[in-house]
$ cat final.pdb   # PDB, C-alpha atoms and all ligand atoms
ATOM      1  CA  MET O  16      43.050 -10.677 -35.777
ATOM      2  CA  TYR O  17      39.856  -9.110 -37.030
ATOM      3  CA  LEU O  18      38.039 -12.424 -36.695
ATOM      4  CA  PHE O  19      39.204 -12.917 -33.129
ATOM      5  CA  GLY O  20      38.009  -9.461 -32.260
ATOM      6  CA  ARG O  21      34.553 -10.223 -33.528
ATOM      7  CA  ILE O  22      34.290 -13.481 -31.685
ATOM      8  CA  TYR O  23      35.403 -11.795 -28.508
ATOM      9  CA  LEU O  24      32.821  -9.049 -28.950
ATOM     10  CA  ARG O  25      30.028 -11.477 -29.639
ATOM     11  CA  GLY O  26      31.007 -13.387 -26.546
ATOM     12  CA  ALA O  27      30.788 -10.213 -24.494
ATOM     13  CA  GLY O  28      27.413  -9.430 -26.007
ATOM     14  CA  VAL O  29      26.007 -12.751 -24.918
ATOM     15  CA  SER O  30      27.260 -12.532 -21.357
ATOM     16  CA  GLY O  31      26.024  -8.927 -21.245
ATOM     17  CA  CYS O  32      22.558 -10.189 -22.118
ATOM     18  CA  PHE O  33      22.685 -12.792 -19.398
ATOM     19  CA  GLY O  34      23.771 -10.130 -16.963
ATOM     20  CA  VAL O  35      20.790  -7.925 -17.777
ATOM     21  CA  ALA O  36      18.400 -10.885 -17.693
ATOM     22  CA  ALA O  37      19.729 -11.930 -14.292
ATOM     23  CA  LEU O  38      19.320  -8.390 -12.960
ATOM     24  CA  LEU O  39      15.772  -8.132 -14.305
ATOM     25  CA  PHE O  40      14.926 -11.490 -12.803
ATOM     26  CA  ALA O  41      16.290 -10.451  -9.419
ATOM     27  CA  ALA O  42      14.353  -7.164  -9.513
ATOM     28  CA  THR O  43      11.107  -8.909 -10.496
ATOM     29  CA  ALA O  44      11.526 -11.529  -7.797
ATOM     30  CA  ALA O  45      12.121  -8.846  -5.169
ATOM     31  CA  ARG O  46       9.051  -6.916  -6.291
ATOM     32  CA  ALA O  47       6.855 -10.020  -6.296
ATOM     33  CA  GLN O  48       8.002 -10.768  -2.760
ATOM     34  CA  ASP O  49       7.251  -7.243  -1.516
ATOM     35  CA  THR O  50       3.788  -7.331  -3.020
ATOM     36  CA  SER O  51       2.903 -10.689  -1.522
ATOM     37  CA  PHE O  52       3.801  -9.388   1.950
ATOM     38  CA  GLY O  53       1.561  -6.352   1.341
ATOM     39  CA  GLN O  54      -1.138  -8.581  -0.104
ATOM     40  CA  ARG O  55      -1.280 -10.692   3.046
ATOM     41  CA  ILE O  56      -1.675  -7.507   5.068
ATOM     42  CA  PHE O  57      -4.502  -6.239   2.830
ATOM     43  CA  MET O  58      -6.357  -9.552   2.667
ATOM     44  CA  GLU O  59      -5.702 -10.994   6.118
ATOM     45  CA  LYS O  60      -3.742  -9.206   8.808
ATOM     46  CA  ALA O  61      -5.239  -5.697   8.506
ATOM     47  CA  ASP O  62      -8.393  -6.954   6.746
ATOM     48  CA  CYS O  63      -8.596  -3.918   4.435
ATOM     49  CA  GLN O  64     -10.623  -6.111   2.092
ATOM     50  CA  PHE O  65     -13.508  -6.270   4.592
ATOM     51  CA  CYS O  66     -14.320  -2.665   3.654
ATOM     52  CA  HIS O  67     -12.514  -2.104   0.325
ATOM     53  CA  GLY O  68     -13.287  -5.550  -1.111
ATOM     54  CA  PRO O  69     -10.830  -8.226  -2.265
ATOM     55  CA  GLU O  70     -10.667  -6.432  -5.642
ATOM     56  CA  GLY O  71     -10.028  -3.065  -3.951
ATOM     57  CA  ASP O  72     -13.013  -1.565  -5.750
ATOM     58  CA  GLY O  73     -14.872  -0.518  -2.609
ATOM     59  CA  ARG O  74     -17.271  -3.450  -2.702
ATOM     60  CA  GLY O  75     -16.433  -4.982   0.641
ATOM     61  CA  ASP O  76     -18.610  -6.893   3.050
ATOM     62  CA  PRO O  77     -22.124  -5.385   3.136
ATOM     63  CA  ARG O  78     -21.799  -5.241   6.946
ATOM     64  CA  SER O  79     -18.676  -3.046   6.741
ATOM     65  CA  PRO O  80     -19.122   0.534   7.968
ATOM     66  CA  GLY O  81     -18.807   3.605   5.761
ATOM     67  CA  ALA O  82     -18.548   3.734   1.997
ATOM     68  CA  ALA O  83     -14.970   2.538   1.439
ATOM     69  CA  ALA O  84     -13.066   4.149  -1.419
ATOM     70  CA  ASN O  85     -12.579   2.470  -4.787
ATOM     71  CA  LEU O  86      -8.789   2.166  -4.750
ATOM     72  CA  HIS O  87      -8.581   1.762  -8.552
ATOM     73  CA  LYS O  88      -9.681   5.388  -8.818
ATOM     74  CA  THR O  89      -7.530   6.969  -6.144
ATOM     75  CA  ILE O  90      -5.323   9.878  -7.177
ATOM     76  CA  LEU O  91      -3.140   9.558  -4.075
ATOM     77  CA  ASN O  92       0.594   8.895  -4.420
ATOM     78  CA  LYS O  93       2.543   6.530  -2.190
ATOM     79  CA  ALA O  94       3.298   9.085   0.531
ATOM     80  CA  GLN O  95      -0.364  10.054   0.671
ATOM     81  CA  ILE O  96      -1.536   6.433   0.834
ATOM     82  CA  VAL O  97       0.937   5.780   3.649
ATOM     83  CA  GLU O  98      -0.412   8.846   5.461
ATOM     84  CA  THR O  99      -4.051   7.787   4.924
ATOM     85  CA  VAL O 100      -3.388   4.275   6.240
ATOM     86  CA  SER O 101      -1.327   5.556   9.190
ATOM     87  CA  CYS O 102      -3.697   8.362  10.154
ATOM     88  CA  GLY O 103      -7.069   7.233   8.792
ATOM     89  CA  ARG O 104      -9.474   9.836   7.422
ATOM     90  CA  PRO O 105     -10.920  12.208  10.049
ATOM     91  CA  GLY O 106     -14.687  12.112  10.262
ATOM     92  CA  THR O 107     -14.985   8.836   8.311
ATOM     93  CA  GLU O 108     -14.818   5.101   9.002
ATOM     94  CA  MET O 109     -11.313   4.794   7.469
ATOM     95  CA  PRO O 110      -9.335   3.649  10.557
ATOM     96  CA  HIS O 111      -5.858   4.784  11.629
ATOM     97  CA  PHE O 112      -3.445   1.848  11.488
ATOM     98  CA  ASP O 113      -0.542   3.604  13.264
ATOM     99  CA  LYS O 114      -1.313   3.177  16.933
ATOM    100  CA  TYR O 115       0.622   6.361  17.747
ATOM    101  CA  ALA O 116      -1.368   8.482  15.268
ATOM    102  CA  TYR O 117      -2.460  11.871  16.705
ATOM    103  CA  ASP O 118      -0.087  11.530  19.694
ATOM    104  CA  ASP O 119       1.579  14.803  20.622
ATOM    105  CA  ASP O 120       4.875  13.813  18.979
ATOM    106  CA  THR O 121       3.305  12.088  15.936
ATOM    107  CA  PRO O 122       0.490  14.422  14.822
ATOM    108  CA  CYS O 123      -1.565  13.624  11.720
ATOM    109  CA  TYR O 124      -2.464  16.234   9.105
ATOM    110  CA  GLY O 125      -0.990  18.692  11.627
ATOM    111  CA  MET O 126      -3.487  17.651  14.327
ATOM    112  CA  THR O 127      -3.064  16.043  17.726
ATOM    113  CA  GLU O 128      -5.682  13.996  19.573
ATOM    114  CA  LYS O 129      -7.107  17.164  21.174
ATOM    115  CA  GLN O 130      -7.322  19.049  17.896
ATOM    116  CA  VAL O 131      -8.975  16.273  15.888
ATOM    117  CA  GLY O 132     -11.459  15.696  18.726
ATOM    118  CA  ALA O 133     -14.548  13.683  17.881
ATOM    119  CA  ASP O 134     -13.466  13.393  14.248
ATOM    120  CA  LYS O 135     -10.592  11.102  15.235
ATOM    121  CA  PRO O 136     -10.803   8.066  12.935
ATOM    122  CA  PRO O 137     -11.625   4.733  14.609
ATOM    123  CA  VAL O 138      -9.085   2.088  15.626
ATOM    124  CA  PRO O 139      -9.010  -0.848  13.186
ATOM    125  CA  HIS O 140     -11.293  -3.827  13.841
ATOM    126  CA  SER O 141      -8.237  -5.946  12.937
ATOM    127  CA  THR O 142      -4.933  -4.687  14.319
ATOM    128  CA  SER O 143      -2.582  -1.759  14.062
ATOM    129  CA  LEU O 144       0.430  -1.992  11.720
ATOM    130  CA  THR O 145       4.112  -1.126  11.865
ATOM    131  CA  LYS O 146       5.619   1.502   9.560
ATOM    132  CA  ARG O 147       7.133  -1.289   7.445
ATOM    133  CA  GLU O 148       3.775  -3.043   7.091
ATOM    134  CA  ILE O 149       2.059   0.217   6.124
ATOM    135  CA  GLU O 150       4.692   0.814   3.410
ATOM    136  CA  ALA O 151       4.191  -2.745   2.128
ATOM    137  CA  VAL O 152       0.401  -2.487   1.960
ATOM    138  CA  ALA O 153       0.717   0.865   0.141
ATOM    139  CA  ASP O 154       3.061  -0.784  -2.398
ATOM    140  CA  PHE O 155       0.542  -3.591  -2.874
ATOM    141  CA  VAL O 156      -2.340  -1.136  -3.396
ATOM    142  CA  LEU O 157      -0.296   0.838  -5.951
ATOM    143  CA  ALA O 158       0.922  -2.236  -7.838
ATOM    144  CA  THR O 159      -2.423  -4.031  -7.895
ATOM    145  CA  PHE O 160      -5.298  -1.532  -7.958
ATOM    146  CA  VAL O 161      -4.334   2.083  -8.643
ATOM    147  CA  GLY O 162      -5.060   3.070 -12.237
ATOM    148  CA  LYS O 163      -5.934  -0.532 -13.182
TER     149      LYS O 163
HETATM  150  C1  LIG Y   1     -13.714  -0.130   8.477
HETATM  151  C2  LIG Y   1     -13.606  -0.010   7.035
HETATM  152  C3  LIG Y   1     -12.245   0.235   6.430
HETATM  153  C4  LIG Y   1     -11.087  -0.488   6.603
HETATM  154  C5  LIG Y   1     -10.861  -1.707   7.477
HETATM  155  C6  LIG Y   1     -10.099   0.135   5.752
HETATM  156  N1  LIG Y   1     -10.623   1.195   5.098
HETATM  157 FE1  LIG Y   1      -9.649   2.411   3.776
HETATM  158  N2  LIG Y   1     -11.291   3.607   3.661
HETATM  159  C7  LIG Y   1     -12.506   3.357   4.275
HETATM  160  C8  LIG Y   1     -13.428   4.429   3.956
HETATM  161  C9  LIG Y   1     -14.868   4.527   4.437
HETATM  162  C10 LIG Y   1     -12.711   5.333   3.130
HETATM  163  C11 LIG Y   1     -13.240   6.617   2.495
HETATM  164  C12 LIG Y   1     -13.033   7.781   3.410
HETATM  165  C13 LIG Y   1     -13.605   9.042   2.795
HETATM  166  O1  LIG Y   1     -14.816   9.110   2.611
HETATM  167  O2  LIG Y   1     -12.812   9.930   2.482
HETATM  168  C14 LIG Y   1     -11.384   4.779   2.978
HETATM  169  C15 LIG Y   1     -10.351   5.395   2.271
HETATM  170  C16 LIG Y   1      -9.129   4.817   2.010
HETATM  171  C17 LIG Y   1      -8.108   5.403   1.175
HETATM  172  C18 LIG Y   1      -8.163   6.777   0.518
HETATM  173  C19 LIG Y   1      -8.608   6.662  -0.913
HETATM  174  C20 LIG Y   1      -8.758   7.998  -1.579
HETATM  175  O3  LIG Y   1      -8.557   8.053  -2.799
HETATM  176  O4  LIG Y   1      -9.105   8.988  -0.922
HETATM  177  C21 LIG Y   1      -7.077   4.517   1.132
HETATM  178  C22 LIG Y   1      -5.776   4.667   0.344
HETATM  179  C23 LIG Y   1      -7.452   3.383   1.943
HETATM  180  N3  LIG Y   1      -8.696   3.609   2.472
HETATM  181  C24 LIG Y   1      -6.660   2.267   2.122
HETATM  182  C25 LIG Y   1      -6.935   1.290   3.081
HETATM  183  C26 LIG Y   1      -6.013   0.229   3.424
HETATM  184  C27 LIG Y   1      -4.689  -0.038   2.741
HETATM  185  C28 LIG Y   1      -6.591  -0.453   4.445
HETATM  186  C29 LIG Y   1      -5.990  -1.598   5.251
HETATM  187  C30 LIG Y   1      -4.671  -1.354   5.846
HETATM  188  C31 LIG Y   1      -7.885   0.141   4.698
HETATM  189  N4  LIG Y   1      -8.049   1.205   3.866
HETATM  190  C32 LIG Y   1      -8.788  -0.313   5.644
HETATM  191  C33 LIG Y   1     -12.829   2.271   5.061
HETATM  192  C34 LIG Y   1     -11.937   1.304   5.496
END
$ encode --input "final.pdb" --output "structure tokens"
Amino acid sequence: MYLFGRIYLRGAGVSGCFGVAALLFAATAARAQDTSFGQRIFMEKADCQFCHGPEGDGRGDPRSPGAAANLHKTILNKAQIVETVSCGRPGTEMPHFDKYAYDDDTPCYGMTEKQVGADKPPVPHSTSLTKREIEAVADFVLATFVGK
């Protein structure tokens, strides 16, 4: 009886391990997928790399306007990165990627178009992004550059 019990337990241990490994694999695969979507946005679709550089260190194309931030050094959290990408940075060359930014019903930093005035950040030279794309590019920036 005792022997059977042990065999049974060892069997459970092994399948438990497989279960955890399978879960970890699934989680890693999902994360890798999310980041590659965000990566395509950073490198191609939104062309963040033109200003921030392909390494995200702020060394973009010499013809890019403004002194783009070194994203390795940012202290912003995800919500703040999403806000910065959506709304841009008033008074700087960091564009707003949400095309509805500063509209009356989607103010940015508490400001509407009228209130931000001439400091309204530029429209992107590439294209505006959806909320989902902005989340994905923020995830990519956090996973790839921030604190690295
Ligand atoms: C036209 C050039 C340009 C493009 C394109 C651009 N940025 Fe920026 N970005 C800037 C500049 C310039 C700043 C610094 C603004 C300042 O001085 O506060 C900045 C700041 C930021 C910051 C704030 C960093 C911090 O710590 O304050 C984040 C995050 C950021 N950019 C992410 C992005 C992402 C993601 C994209 C693409 C979706 C992008 N930027 C596209 C020029 C650009």
$ residues_around --input "final.pdb" --residues "Gly106 in chain O" --least-positions-apart "4" --cutoff "7 Å" --atoms "all atoms listed in the file" --output "JSON, numbers by chain"
{"O": [134, 135, 136]}
$ residues_near_ligand --input "final.pdb" --ligand "ligand LIG 1 (chain Y)" --cutoff "7 Å" --atoms "only C-alpha atoms and all ligand atoms" --output "PyMOL selection string"
chain O and resi 56-57+61-67+79-86+88-91+96+99-100+104+107-110+112+139-140+149+152-153+156
$ closest_residue --input "final.pdb" --among "O:Val138, O:Cys102, O:Ala116, O:Val97" --to "Ala151 in chain O" --atoms "all atoms listed in the file"
O:Val97
$ closest_residue --input "final.pdb" --among "O:Glu59, O:Gly71, O:Glu98, O:Met126" --to "Ala158 in chain O" --atoms "all atoms listed in the file"
O:Gly71
$ closest_residue --input "final.pdb" --among "O:Arg78, O:Phe52, O:Gln95, O:His111" --to "Ser141 in chain O" --atoms "all atoms listed in the file"
O:His111
$ atom_distance --input "final.pdb" --atom1 "CA of Lys163 in chain O" --atom2 "CA of Pro77 in chain O"
23.5 Å
$ atom_distance --input "final.pdb" --atom1 "CA of Asn92 in chain O" --atom2 "CA of Thr121 in chain O"
20.8 Å
$ atom_distance --input "final.pdb" --atom1 "CA of Asp76 in chain O" --atom2 "CA of Phe160 in chain O"
18.1 Å
$ closest_residue --input "final.pdb" --among "O:Met58, O:Arg147, O:Lys93, O:Gly68" --to "Val161 in chain O" --atoms "only C-alpha atoms"
O:Lys93
